[in-house]
Amino acid sequence: MKKFEYKTLEFQADDSKFTKSMSVESNEIETILNDLGEEGWELVNSVDYVVNGFTTKVILFFKKEK
């Protein structure tokens with residue numbers, strides 16, 4: 001039987017309540033995702049939290065086989 005381990009990665013929006021951009025640059029996110037992929041992590045889902053029409057945080061869920 002296959003066994004998996006799981007990891008979460010959370011990105012918070014900037015401190016400003018009215019911002020529409022995340023505090024992490026897209027090329028930085030790409031680098032993080034590529035590094036995790038090299039370690040065998042697979043992105044399986046993401047959830048964004050929206051307050052008053054603005055994204056406040058995004059959580060990415062990864063898994064890899066043990």
# chains A, B, ... in the order shown; residues from 1 in each chain; ligands from 1
$ residues_around --residues "segment 26-39 of chain A" --least-positions-apart "2" --cutoff "12 Å" --atoms "only C-alpha atoms" --output "list of chain:residue names"
A:Tyr6, A:Lys7, A:Thr8, A:Leu9, A:Glu10, A:Phe11, A:Ser21, A:Met22, A:Ser23, A:Val24, A:Trp41, A:Glu42, A:Leu43, A:Val44, A:Val58, A:Leu60, A:Phe61, A:Phe62, A:Lys63, A:Lys64, A:Glu65, A:Lys66
$ select_by_dssp --residues "chain A" --states "strand (DSSP E or B)" --output "VMD selection string"
chain A and resid 4 to 13 22 42 to 51 54 to 65
$ select_by_dssp --residues "chain A" --states "helix (DSSP H, G or I)" --output "number ranges by chain"
A: 26-38
$ write_last_selection --atoms "C-alpha atoms" --output "PDB file, in the first residue's frame"
ATOM      1  CA  SER A  26       5.110  35.305  -8.900  1.00  0.00           C
ATOM      2  CA  ASN A  27       8.704  34.436  -9.866  1.00  0.00           C
ATOM      3  CA  GLU A  28       9.422  33.753  -6.168  1.00  0.00           C
ATOM      4  CA  ILE A  29       6.398  31.425  -6.019  1.00  0.00           C
ATOM      5  CA  GLU A  30       7.603  29.676  -9.180  1.00  0.00           C
ATOM      6  CA  THR A  31      11.042  29.146  -7.637  1.00  0.00           C
ATOM      7  CA  ILE A  32       9.494  27.718  -4.449  1.00  0.00           C
ATOM      8  CA  LEU A  33       7.230  25.385  -6.458  1.00  0.00           C
ATOM      9  CA  ASN A  34      10.121  24.185  -8.631  1.00  0.00           C
ATOM     10  CA  ASP A  35      12.244  23.524  -5.538  1.00  0.00           C
ATOM     11  CA  LEU A  36       9.423  21.514  -3.927  1.00  0.00           C
ATOM     12  CA  GLY A  37       8.915  19.591  -7.183  1.00  0.00           C
ATOM     13  CA  GLU A  38      12.619  18.695  -7.221  1.00  0.00           C
TER      14      GLU A  38
END
$ atom_distance --atom1 "atom CA of Glu5 of chain A" --atom2 "atom CA of Asp48 of chain A"
22.0 Å
